[in-house]
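Chemist: One structure follows; several queries about it will come next.
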Amino acid sequence: MWRDVSKSAFVFGVGTFFLLSSSIIKDLNFSMISTISYMGLVTLVYLAAIFFYKSILCRGATDMDDSNEEYIVGEQEAIWVQKLILPYLNEFLLKLRSIYTTLSFFFWVILYATFYLK
């Protein structure tokens with residue numbers, strides 16, 4: 001649908017007309033944020049339906065041949081990637097944990113001060 005210019009222009013025009021008319025008409029109470037979120041929700045449902053259709057319903061018989069062996073990752077490559085990524089991941093998780101414990105400590109202090117020190 002999006003490759004056909006006339007259909008895409010029609011959908012874009014209808015969406016723009018609805019968006020502009022919703023800001024003018026008094027009975028139709030849509031804000032810009034709710035309109036964008038509804039459009040995002042419709043897009044997400046549409047993409048999920050396409051994914052479901054292409055991955056589940058249109059699945060055919062697959063031919064397993066050995067011509068794609070160049071794309072198989074070996075054990076040495078996996079270990080190399082782990083050694084490359086793991087230090088950064090550990091540092092990120094440690095900083096995230098320290099931020100979380102600091103925030104939770106301040107949350108409990110504020111909660112204690114609010115309810116028990118009245």
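Labels for the structure tokens follow display order: chains A, B, ..., residues from 1 in each chain, ligands from 1.
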For range 35-111 of chain A against range 5-24 of chain A, with a cut-off of 10 Å and counting only C-alpha atoms, what is the closest atom pair and its distance in Å to one decimal for every residue that makes the cut, ordered by chain and number, as a Markdown table?
Modeler:
```
| residue | atom | partner | partner_atom | distance |
| --- | --- | --- | --- | --- |
| A:Thr35 | CA | A:Leu19 | CA | 7.3 |
| A:Ile36 | CA | A:Leu19 | CA | 9.1 |
| A:Met39 | CA | A:Gly15 | CA | 9.0 |
```
Chemist: Go ahead and save the picked residues with N, CA and C atoms, as a tab-separated table (two decimals), in the first residue's frame.
Modeler:
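The new file out10.tsv reads:
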```tsv
chain	number	residue	atom	x	y	z
A	35	THR	N	-4.18	11.80	19.71
A	35	THR	CA	-4.29	11.44	18.30
A	35	THR	C	-3.03	10.73	17.84
A	36	ILE	N	-1.88	11.25	18.21
A	36	ILE	CA	-0.61	10.61	17.83
A	36	ILE	C	-0.48	9.24	18.47
A	39	MET	N	-2.72	6.84	16.63
A	39	MET	CA	-2.13	6.49	15.34
A	39	MET	C	-0.98	5.50	15.53
```
Chemist: Run DSSP on the backbone of this structure and report the residues of range 2-116 of chain A it assigns to alpha helix (DSSP H), as an mmCIF file with N, CA, C and O atoms, in the first residue's frame.
Modeler:
```
data_model
loop_
_atom_site.group_PDB
_atom_site.id
_atom_site.type_symbol
_atom_site.label_atom_id
_atom_site.label_comp_id
_atom_site.auth_asym_id
_atom_site.auth_seq_id
_atom_site.Cartn_x
_atom_site.Cartn_y
_atom_site.Cartn_z
ATOM 1 N N VAL A 5 1.664 5.517 -4.691
ATOM 2 C CA VAL A 5 1.640 6.913 -4.270
ATOM 3 C C VAL A 5 0.227 7.416 -4.051
ATOM 4 O O VAL A 5 -0.046 8.156 -3.101
ATOM 5 N N SER A 6 -0.707 7.011 -4.883
ATOM 6 C CA SER A 6 -2.067 7.530 -4.756
ATOM 7 C C SER A 6 -2.729 7.052 -3.461
ATOM 8 O O SER A 6 -3.390 7.838 -2.774
ATOM 9 N N LYS A 7 -2.537 5.792 -3.100
ATOM 10 C CA LYS A 7 -3.123 5.292 -1.854
ATOM 11 C C LYS A 7 -2.448 5.918 -0.637
ATOM 12 O O LYS A 7 -3.106 6.254 0.343
ATOM 13 N N SER A 8 -1.137 6.079 -0.699
ATOM 14 C CA SER A 8 -0.424 6.692 0.422
ATOM 15 C C SER A 8 -0.849 8.142 0.616
ATOM 16 O O SER A 8 -1.035 8.599 1.741
ATOM 17 N N ALA A 9 -1.002 8.871 -0.488
ATOM 18 C CA ALA A 9 -1.434 10.261 -0.393
ATOM 19 C C ALA A 9 -2.850 10.347 0.156
ATOM 20 O O ALA A 9 -3.171 11.251 0.935
ATOM 21 N N PHE A 10 -3.704 9.410 -0.232
ATOM 22 C CA PHE A 10 -5.076 9.407 0.280
ATOM 23 C C PHE A 10 -5.087 9.172 1.790
ATOM 24 O O PHE A 10 -5.776 9.883 2.532
ATOM 25 N N VAL A 11 -4.314 8.187 2.265
ATOM 26 C CA VAL A 11 -4.260 7.903 3.699
ATOM 27 C C VAL A 11 -3.674 9.086 4.458
ATOM 28 O O VAL A 11 -4.186 9.487 5.514
ATOM 29 N N PHE A 12 -2.620 9.677 3.931
ATOM 30 C CA PHE A 12 -2.019 10.837 4.583
ATOM 31 C C PHE A 12 -2.992 12.019 4.603
ATOM 32 O O PHE A 12 -3.106 12.734 5.599
ATOM 33 N N GLY A 13 -3.716 12.226 3.509
ATOM 34 C CA GLY A 13 -4.676 13.317 3.438
ATOM 35 C C GLY A 13 -5.827 13.132 4.406
ATOM 36 O O GLY A 13 -6.256 14.080 5.078
ATOM 37 N N VAL A 14 -6.349 11.914 4.512
ATOM 38 C CA VAL A 14 -7.446 11.645 5.443
ATOM 39 C C VAL A 14 -6.967 11.815 6.882
ATOM 40 O O VAL A 14 -7.671 12.410 7.709
ATOM 41 N N GLY A 15 -5.796 11.348 7.170
ATOM 42 C CA GLY A 15 -5.258 11.502 8.519
ATOM 43 C C GLY A 15 -5.030 12.959 8.871
ATOM 44 O O GLY A 15 -5.352 13.402 9.982
ATOM 45 N N THR A 16 -4.489 13.729 7.941
ATOM 46 C CA THR A 16 -4.274 15.156 8.179
ATOM 47 C C THR A 16 -5.595 15.891 8.334
ATOM 48 O O THR A 16 -5.736 16.760 9.204
ATOM 49 N N PHE A 17 -6.570 15.550 7.486
ATOM 50 C CA PHE A 17 -7.889 16.180 7.596
ATOM 51 C C PHE A 17 -8.520 15.878 8.947
ATOM 52 O O PHE A 17 -9.074 16.768 9.596
ATOM 53 N N PHE A 18 -8.438 14.627 9.409
ATOM 54 C CA PHE A 18 -9.004 14.262 10.699
ATOM 55 C C PHE A 18 -8.292 14.993 11.829
ATOM 56 O O PHE A 18 -8.915 15.483 12.771
ATOM 57 N N LEU A 19 -6.981 15.102 11.732
ATOM 58 C CA LEU A 19 -6.210 15.773 12.771
ATOM 59 C C LEU A 19 -6.545 17.262 12.838
ATOM 60 O O LEU A 19 -6.761 17.818 13.917
ATOM 61 N N LEU A 20 -6.623 17.912 11.696
ATOM 62 C CA LEU A 20 -6.938 19.337 11.687
ATOM 63 C C LEU A 20 -8.393 19.604 12.055
ATOM 64 O O LEU A 20 -8.699 20.564 12.757
ATOM 65 N N SER A 21 -9.290 18.746 11.592
ATOM 66 C CA SER A 21 -10.694 18.969 11.922
ATOM 67 C C SER A 21 -10.977 18.683 13.391
ATOM 68 O O SER A 21 -11.886 19.281 13.970
ATOM 69 N N SER A 22 -10.227 17.787 14.003
ATOM 70 C CA SER A 22 -10.453 17.513 15.423
ATOM 71 C C SER A 22 -10.027 18.687 16.292
ATOM 72 O O SER A 22 -10.525 18.852 17.398
ATOM 73 N N SER A 23 -9.112 19.513 15.810
ATOM 74 C CA SER A 23 -8.725 20.683 16.589
ATOM 75 C C SER A 23 -9.702 21.841 16.399
ATOM 76 O O SER A 23 -9.745 22.747 17.217
ATOM 77 N N ILE A 24 -10.499 21.828 15.345
ATOM 78 C CA ILE A 24 -11.447 22.911 15.070
ATOM 79 C C ILE A 24 -12.821 22.615 15.660
ATOM 80 O O ILE A 24 -13.451 23.482 16.258
ATOM 81 N N MET A 32 -3.727 16.562 20.545
ATOM 82 C CA MET A 32 -2.688 16.153 19.602
ATOM 83 C C MET A 32 -1.958 14.912 20.116
ATOM 84 O O MET A 32 -1.655 14.003 19.351
ATOM 85 N N ILE A 33 -1.718 14.843 21.412
ATOM 86 C CA ILE A 33 -1.000 13.702 21.987
ATOM 87 C C ILE A 33 -1.830 12.430 21.882
ATOM 88 O O ILE A 33 -1.314 11.369 21.523
ATOM 89 N N SER A 34 -3.134 12.515 22.173
ATOM 90 C CA SER A 34 -3.962 11.313 22.088
ATOM 91 C C SER A 34 -4.113 10.860 20.640
ATOM 92 O O SER A 34 -4.151 9.658 20.363
ATOM 93 N N THR A 35 -4.184 11.802 19.710
ATOM 94 C CA THR A 35 -4.286 11.435 18.299
ATOM 95 C C THR A 35 -3.025 10.725 17.839
ATOM 96 O O THR A 35 -3.091 9.689 17.166
ATOM 97 N N ILE A 36 -1.876 11.247 18.211
ATOM 98 C CA ILE A 36 -0.609 10.607 17.825
ATOM 99 C C ILE A 36 -0.484 9.236 18.472
ATOM 100 O O ILE A 36 -0.030 8.279 17.845
ATOM 101 N N SER A 37 -0.923 9.110 19.728
ATOM 102 C CA SER A 37 -0.822 7.813 20.394
ATOM 103 C C SER A 37 -1.772 6.797 19.775
ATOM 104 O O SER A 37 -1.431 5.623 19.639
ATOM 105 N N TYR A 38 -2.973 7.239 19.376
ATOM 106 C CA TYR A 38 -3.887 6.325 18.699
ATOM 107 C C TYR A 38 -3.343 5.912 17.331
ATOM 108 O O TYR A 38 -3.473 4.747 16.928
ATOM 109 N N MET A 39 -2.720 6.838 16.628
ATOM 110 C CA MET A 39 -2.127 6.487 15.336
ATOM 111 C C MET A 39 -0.977 5.499 15.528
ATOM 112 O O MET A 39 -0.805 4.559 14.746
ATOM 113 N N GLY A 40 -0.193 5.688 16.587
ATOM 114 C CA GLY A 40 0.873 4.739 16.890
ATOM 115 C C GLY A 40 0.336 3.367 17.248
ATOM 116 O O GLY A 40 0.894 2.347 16.864
ATOM 117 N N LEU A 41 -0.776 3.341 17.991
ATOM 118 C CA LEU A 41 -1.392 2.067 18.356
ATOM 119 C C LEU A 41 -1.920 1.340 17.133
ATOM 120 O O LEU A 41 -1.737 0.127 16.991
ATOM 121 N N VAL A 42 -2.544 2.070 16.221
ATOM 122 C CA VAL A 42 -3.039 1.468 14.984
ATOM 123 C C VAL A 42 -1.878 0.938 14.158
ATOM 124 O O VAL A 42 -1.946 -0.177 13.601
ATOM 125 N N THR A 43 -0.796 1.697 14.085
ATOM 126 C CA THR A 43 0.389 1.245 13.344
ATOM 127 C C THR A 43 0.982 -0.004 13.977
ATOM 128 O O THR A 43 1.367 -0.947 13.267
ATOM 129 N N LEU A 44 1.043 -0.050 15.298
ATOM 130 C CA LEU A 44 1.572 -1.223 15.985
ATOM 131 C C LEU A 44 0.720 -2.462 15.745
ATOM 132 O O LEU A 44 1.246 -3.548 15.489
ATOM 133 N N VAL A 45 -0.584 -2.311 15.792
ATOM 134 C CA VAL A 45 -1.484 -3.443 15.527
ATOM 135 C C VAL A 45 -1.340 -3.901 14.082
ATOM 136 O O VAL A 45 -1.319 -5.103 13.791
ATOM 137 N N TYR A 46 -1.219 -2.953 13.160
ATOM 138 C CA TYR A 46 -1.046 -3.284 11.748
ATOM 139 C C TYR A 46 0.254 -4.059 11.527
ATOM 140 O O TYR A 46 0.274 -5.081 10.838
ATOM 141 N N LEU A 47 1.356 -3.591 12.134
ATOM 142 C CA LEU A 47 2.633 -4.288 11.982
ATOM 143 C C LEU A 47 2.615 -5.664 12.639
ATOM 144 O O LEU A 47 3.213 -6.611 12.128
ATOM 145 N N ALA A 48 1.921 -5.795 13.780
ATOM 146 C CA ALA A 48 1.806 -7.103 14.428
ATOM 147 C C ALA A 48 1.011 -8.067 13.559
ATOM 148 O O ALA A 48 1.345 -9.247 13.458
ATOM 149 N N ALA A 49 -0.042 -7.566 12.915
ATOM 150 C CA ALA A 49 -0.832 -8.419 12.032
ATOM 151 C C ALA A 49 -0.014 -8.874 10.829
ATOM 152 O O ALA A 49 -0.083 -10.036 10.416
ATOM 153 N N ILE A 50 0.774 -7.974 10.262
ATOM 154 C CA ILE A 50 1.632 -8.346 9.134
ATOM 155 C C ILE A 50 2.671 -9.372 9.571
ATOM 156 O O ILE A 50 2.927 -10.362 8.872
ATOM 157 N N PHE A 51 3.268 -9.175 10.744
ATOM 158 C CA PHE A 51 4.251 -10.130 11.246
ATOM 159 C C PHE A 51 3.616 -11.500 11.461
ATOM 160 O O PHE A 51 4.182 -12.521 11.079
ATOM 161 N N PHE A 52 2.441 -11.511 12.074
ATOM 162 C CA PHE A 52 1.755 -12.779 12.309
ATOM 163 C C PHE A 52 1.421 -13.461 10.997
ATOM 164 O O PHE A 52 1.615 -14.670 10.842
ATOM 165 N N GLU A 75 32.316 -21.195 17.858
ATOM 166 C CA GLU A 75 32.523 -21.004 19.288
ATOM 167 C C GLU A 75 33.537 -19.899 19.556
ATOM 168 O O GLU A 75 33.361 -19.100 20.481
ATOM 169 N N GLN A 76 34.566 -19.816 18.765
ATOM 170 C CA GLN A 76 35.599 -18.800 18.973
ATOM 171 C C GLN A 76 35.063 -17.391 18.739
ATOM 172 O O GLN A 76 35.401 -16.463 19.480
ATOM 173 N N GLU A 77 34.212 -17.235 17.718
ATOM 174 C CA GLU A 77 33.626 -15.915 17.472
ATOM 175 C C GLU A 77 32.689 -15.503 18.601
ATOM 176 O O GLU A 77 32.642 -14.344 19.002
ATOM 177 N N ALA A 78 31.936 -16.458 19.140
ATOM 178 C CA ALA A 78 31.024 -16.164 20.245
ATOM 179 C C ALA A 78 31.798 -15.762 21.495
ATOM 180 O O ALA A 78 31.425 -14.813 22.196
ATOM 181 N N ILE A 79 32.898 -16.449 21.771
ATOM 182 C CA ILE A 79 33.729 -16.099 22.930
ATOM 183 C C ILE A 79 34.353 -14.722 22.734
ATOM 184 O O ILE A 79 34.419 -13.916 23.668
ATOM 185 N N TRP A 80 34.782 -14.413 21.523
ATOM 186 C CA TRP A 80 35.369 -13.105 21.238
ATOM 187 C C TRP A 80 34.346 -11.988 21.463
ATOM 188 O O TRP A 80 34.666 -10.947 22.059
ATOM 189 N N VAL A 81 33.105 -12.190 21.010
ATOM 190 C CA VAL A 81 32.059 -11.181 21.196
ATOM 191 C C VAL A 81 31.737 -11.020 22.678
ATOM 192 O O VAL A 81 31.549 -9.901 23.169
ATOM 193 N N GLN A 82 31.692 -12.119 23.414
ATOM 194 C CA GLN A 82 31.433 -12.029 24.848
ATOM 195 C C GLN A 82 32.532 -11.274 25.574
ATOM 196 O O GLN A 82 32.263 -10.451 26.454
ATOM 197 N N LYS A 83 33.782 -11.550 25.223
ATOM 198 C CA LYS A 83 34.890 -10.837 25.857
ATOM 199 C C LYS A 83 34.887 -9.363 25.488
ATOM 200 O O LYS A 83 35.358 -8.525 26.252
ATOM 201 N N LEU A 84 34.358 -9.026 24.342
ATOM 202 C CA LEU A 84 34.295 -7.645 23.911
ATOM 203 C C LEU A 84 33.164 -6.885 24.609
ATOM 204 O O LEU A 84 33.356 -5.751 25.059
ATOM 205 N N ILE A 85 32.011 -7.498 24.749
ATOM 206 C CA ILE A 85 30.818 -6.813 25.251
ATOM 207 C C ILE A 85 30.670 -6.914 26.767
ATOM 208 O O ILE A 85 30.180 -5.981 27.410
ATOM 209 N N LEU A 86 31.066 -8.006 27.355
ATOM 210 C CA LEU A 86 30.796 -8.271 28.768
ATOM 211 C C LEU A 86 31.344 -7.230 29.745
ATOM 212 O O LEU A 86 30.633 -6.858 30.680
ATOM 213 N N PRO A 87 32.558 -6.684 29.579
ATOM 214 C CA PRO A 87 33.000 -5.654 30.533
ATOM 215 C C PRO A 87 32.124 -4.398 30.520
ATOM 216 O O PRO A 87 31.813 -3.839 31.568
ATOM 217 N N TYR A 88 31.713 -3.971 29.344
ATOM 218 C CA TYR A 88 30.844 -2.799 29.255
ATOM 219 C C TYR A 88 29.476 -3.079 29.856
ATOM 220 O O TYR A 88 28.884 -2.218 30.523
ATOM 221 N N LEU A 89 28.952 -4.264 29.634
ATOM 222 C CA LEU A 89 27.660 -4.640 30.198
ATOM 223 C C LEU A 89 27.728 -4.699 31.717
ATOM 224 O O LEU A 89 26.819 -4.220 32.407
ATOM 225 N N ASN A 90 28.804 -5.272 32.259
ATOM 226 C CA ASN A 90 28.964 -5.326 33.716
ATOM 227 C C ASN A 90 29.062 -3.932 34.326
ATOM 228 O O ASN A 90 28.462 -3.656 35.367
ATOM 229 N N GLU A 91 29.819 -3.049 33.693
ATOM 230 C CA GLU A 91 29.944 -1.681 34.200
ATOM 231 C C GLU A 91 28.604 -0.963 34.169
ATOM 232 O O GLU A 91 28.231 -0.269 35.120
ATOM 233 N N PHE A 92 27.846 -1.153 33.094
ATOM 234 C CA PHE A 92 26.529 -0.535 32.990
ATOM 235 C C PHE A 92 25.588 -1.054 34.074
ATOM 236 O O PHE A 92 24.883 -0.278 34.725
ATOM 237 N N LEU A 93 25.588 -2.351 34.308
ATOM 238 C CA LEU A 93 24.710 -2.927 35.326
ATOM 239 C C LEU A 93 25.103 -2.490 36.731
ATOM 240 O O LEU A 93 24.235 -2.253 37.581
ATOM 241 N N LEU A 94 26.405 -2.354 36.999
ATOM 242 C CA LEU A 94 26.845 -1.865 38.312
ATOM 243 C C LEU A 94 26.415 -0.421 38.544
ATOM 244 O O LEU A 94 25.953 -0.063 39.632
ATOM 245 N N LYS A 95 26.543 0.413 37.523
ATOM 246 C CA LYS A 95 26.097 1.802 37.666
ATOM 247 C C LYS A 95 24.583 1.885 37.811
ATOM 248 O O LYS A 95 24.081 2.690 38.592
ATOM 249 N N LEU A 96 23.878 1.056 37.077
ATOM 250 C CA LEU A 96 22.420 1.032 37.187
ATOM 251 C C LEU A 96 21.995 0.579 38.580
ATOM 252 O O LEU A 96 21.075 1.141 39.169
ATOM 253 N N ARG A 97 22.699 -0.406 39.149
ATOM 254 C CA ARG A 97 22.387 -0.868 40.496
ATOM 255 C C ARG A 97 22.679 0.205 41.536
ATOM 256 O O ARG A 97 21.898 0.411 42.468
ATOM 257 N N SER A 98 23.782 0.924 41.370
ATOM 258 C CA SER A 98 24.091 1.988 42.338
ATOM 259 C C SER A 98 23.079 3.120 42.249
ATOM 260 O O SER A 98 22.683 3.682 43.275
ATOM 261 N N ILE A 99 22.640 3.451 41.037
ATOM 262 C CA ILE A 99 21.613 4.479 40.895
ATOM 263 C C ILE A 99 20.310 4.021 41.533
ATOM 264 O O ILE A 99 19.641 4.778 42.239
ATOM 265 N N TYR A 100 19.949 2.761 41.310
ATOM 266 C CA TYR A 100 18.706 2.241 41.870
ATOM 267 C C TYR A 100 18.748 2.216 43.399
ATOM 268 O O TYR A 100 17.791 2.607 44.053
ATOM 269 N N THR A 101 19.860 1.779 43.972
ATOM 270 C CA THR A 101 19.929 1.727 45.435
ATOM 271 C C THR A 101 19.932 3.131 46.025
ATOM 272 O O THR A 101 19.338 3.363 47.069
ATOM 273 N N THR A 102 20.577 4.082 45.357
ATOM 274 C CA THR A 102 20.572 5.463 45.841
ATOM 275 C C THR A 102 19.168 6.046 45.779
ATOM 276 O O THR A 102 18.699 6.675 46.736
ATOM 277 N N LEU A 103 18.488 5.820 44.662
ATOM 278 C CA LEU A 103 17.124 6.339 44.536
ATOM 279 C C LEU A 103 16.173 5.673 45.515
ATOM 280 O O LEU A 103 15.297 6.339 46.081
ATOM 281 N N SER A 104 16.325 4.366 45.714
ATOM 282 C CA SER A 104 15.440 3.693 46.657
ATOM 283 C C SER A 104 15.706 4.161 48.084
ATOM 284 O O SER A 104 14.784 4.293 48.885
ATOM 285 N N PHE A 105 16.969 4.449 48.423
ATOM 286 C CA PHE A 105 17.282 4.969 49.744
ATOM 287 C C PHE A 105 16.611 6.328 49.950
ATOM 288 O O PHE A 105 15.982 6.573 50.985
ATOM 289 N N PHE A 106 16.748 7.223 48.960
ATOM 290 C CA PHE A 106 16.111 8.533 49.081
ATOM 291 C C PHE A 106 14.593 8.417 49.118
ATOM 292 O O PHE A 106 13.914 9.184 49.803
ATOM 293 N N PHE A 107 14.040 7.466 48.377
ATOM 294 C CA PHE A 107 12.598 7.252 48.404
ATOM 295 C C PHE A 107 12.148 6.848 49.803
ATOM 296 O O PHE A 107 11.155 7.371 50.311
ATOM 297 N N TRP A 108 12.870 5.930 50.449
ATOM 298 C CA TRP A 108 12.490 5.492 51.791
ATOM 299 C C TRP A 108 12.675 6.590 52.824
ATOM 300 O O TRP A 108 11.902 6.724 53.775
ATOM 301 N N VAL A 109 13.705 7.429 52.666
ATOM 302 C CA VAL A 109 13.903 8.554 53.576
ATOM 303 C C VAL A 109 12.756 9.545 53.451
ATOM 304 O O VAL A 109 12.199 10.016 54.450
ATOM 305 N N ILE A 110 12.362 9.854 52.219
ATOM 306 C CA ILE A 110 11.251 10.781 52.001
ATOM 307 C C ILE A 110 9.957 10.183 52.508
ATOM 308 O O ILE A 110 9.137 10.875 53.133
ATOM 309 N N LEU A 111 9.745 8.892 52.275
ATOM 310 C CA LEU A 111 8.541 8.234 52.757
ATOM 311 C C LEU A 111 8.488 8.254 54.282
ATOM 312 O O LEU A 111 7.432 8.529 54.884
ATOM 313 N N TYR A 112 9.606 7.971 54.931
ATOM 314 C CA TYR A 112 9.665 7.996 56.383
ATOM 315 C C TYR A 112 9.401 9.393 56.913
ATOM 316 O O TYR A 112 8.647 9.590 57.874
ATOM 317 N N ALA A 113 10.028 10.377 56.282
ATOM 318 C CA ALA A 113 9.863 11.757 56.733
ATOM 319 C C ALA A 113 8.427 12.235 56.523
ATOM 320 O O ALA A 113 7.901 13.023 57.309
ATOM 321 N N THR A 114 7.778 11.763 55.490
ATOM 322 C CA THR A 114 6.420 12.207 55.199
ATOM 323 C C THR A 114 5.409 11.627 56.161
ATOM 324 O O THR A 114 4.541 12.352 56.675
ATOM 325 N N PHE A 115 5.498 10.347 56.437
ATOM 326 C CA PHE A 115 4.439 9.706 57.210
ATOM 327 C C PHE A 115 4.727 9.617 58.718
ATOM 328 O O PHE A 115 3.814 9.647 59.515
ATOM 329 N N TYR A 116 5.978 9.493 59.107
ATOM 330 C CA TYR A 116 6.262 9.234 60.502
ATOM 331 C C TYR A 116 6.713 10.468 61.287
ATOM 332 O O TYR A 116 6.725 10.464 62.507
#
```
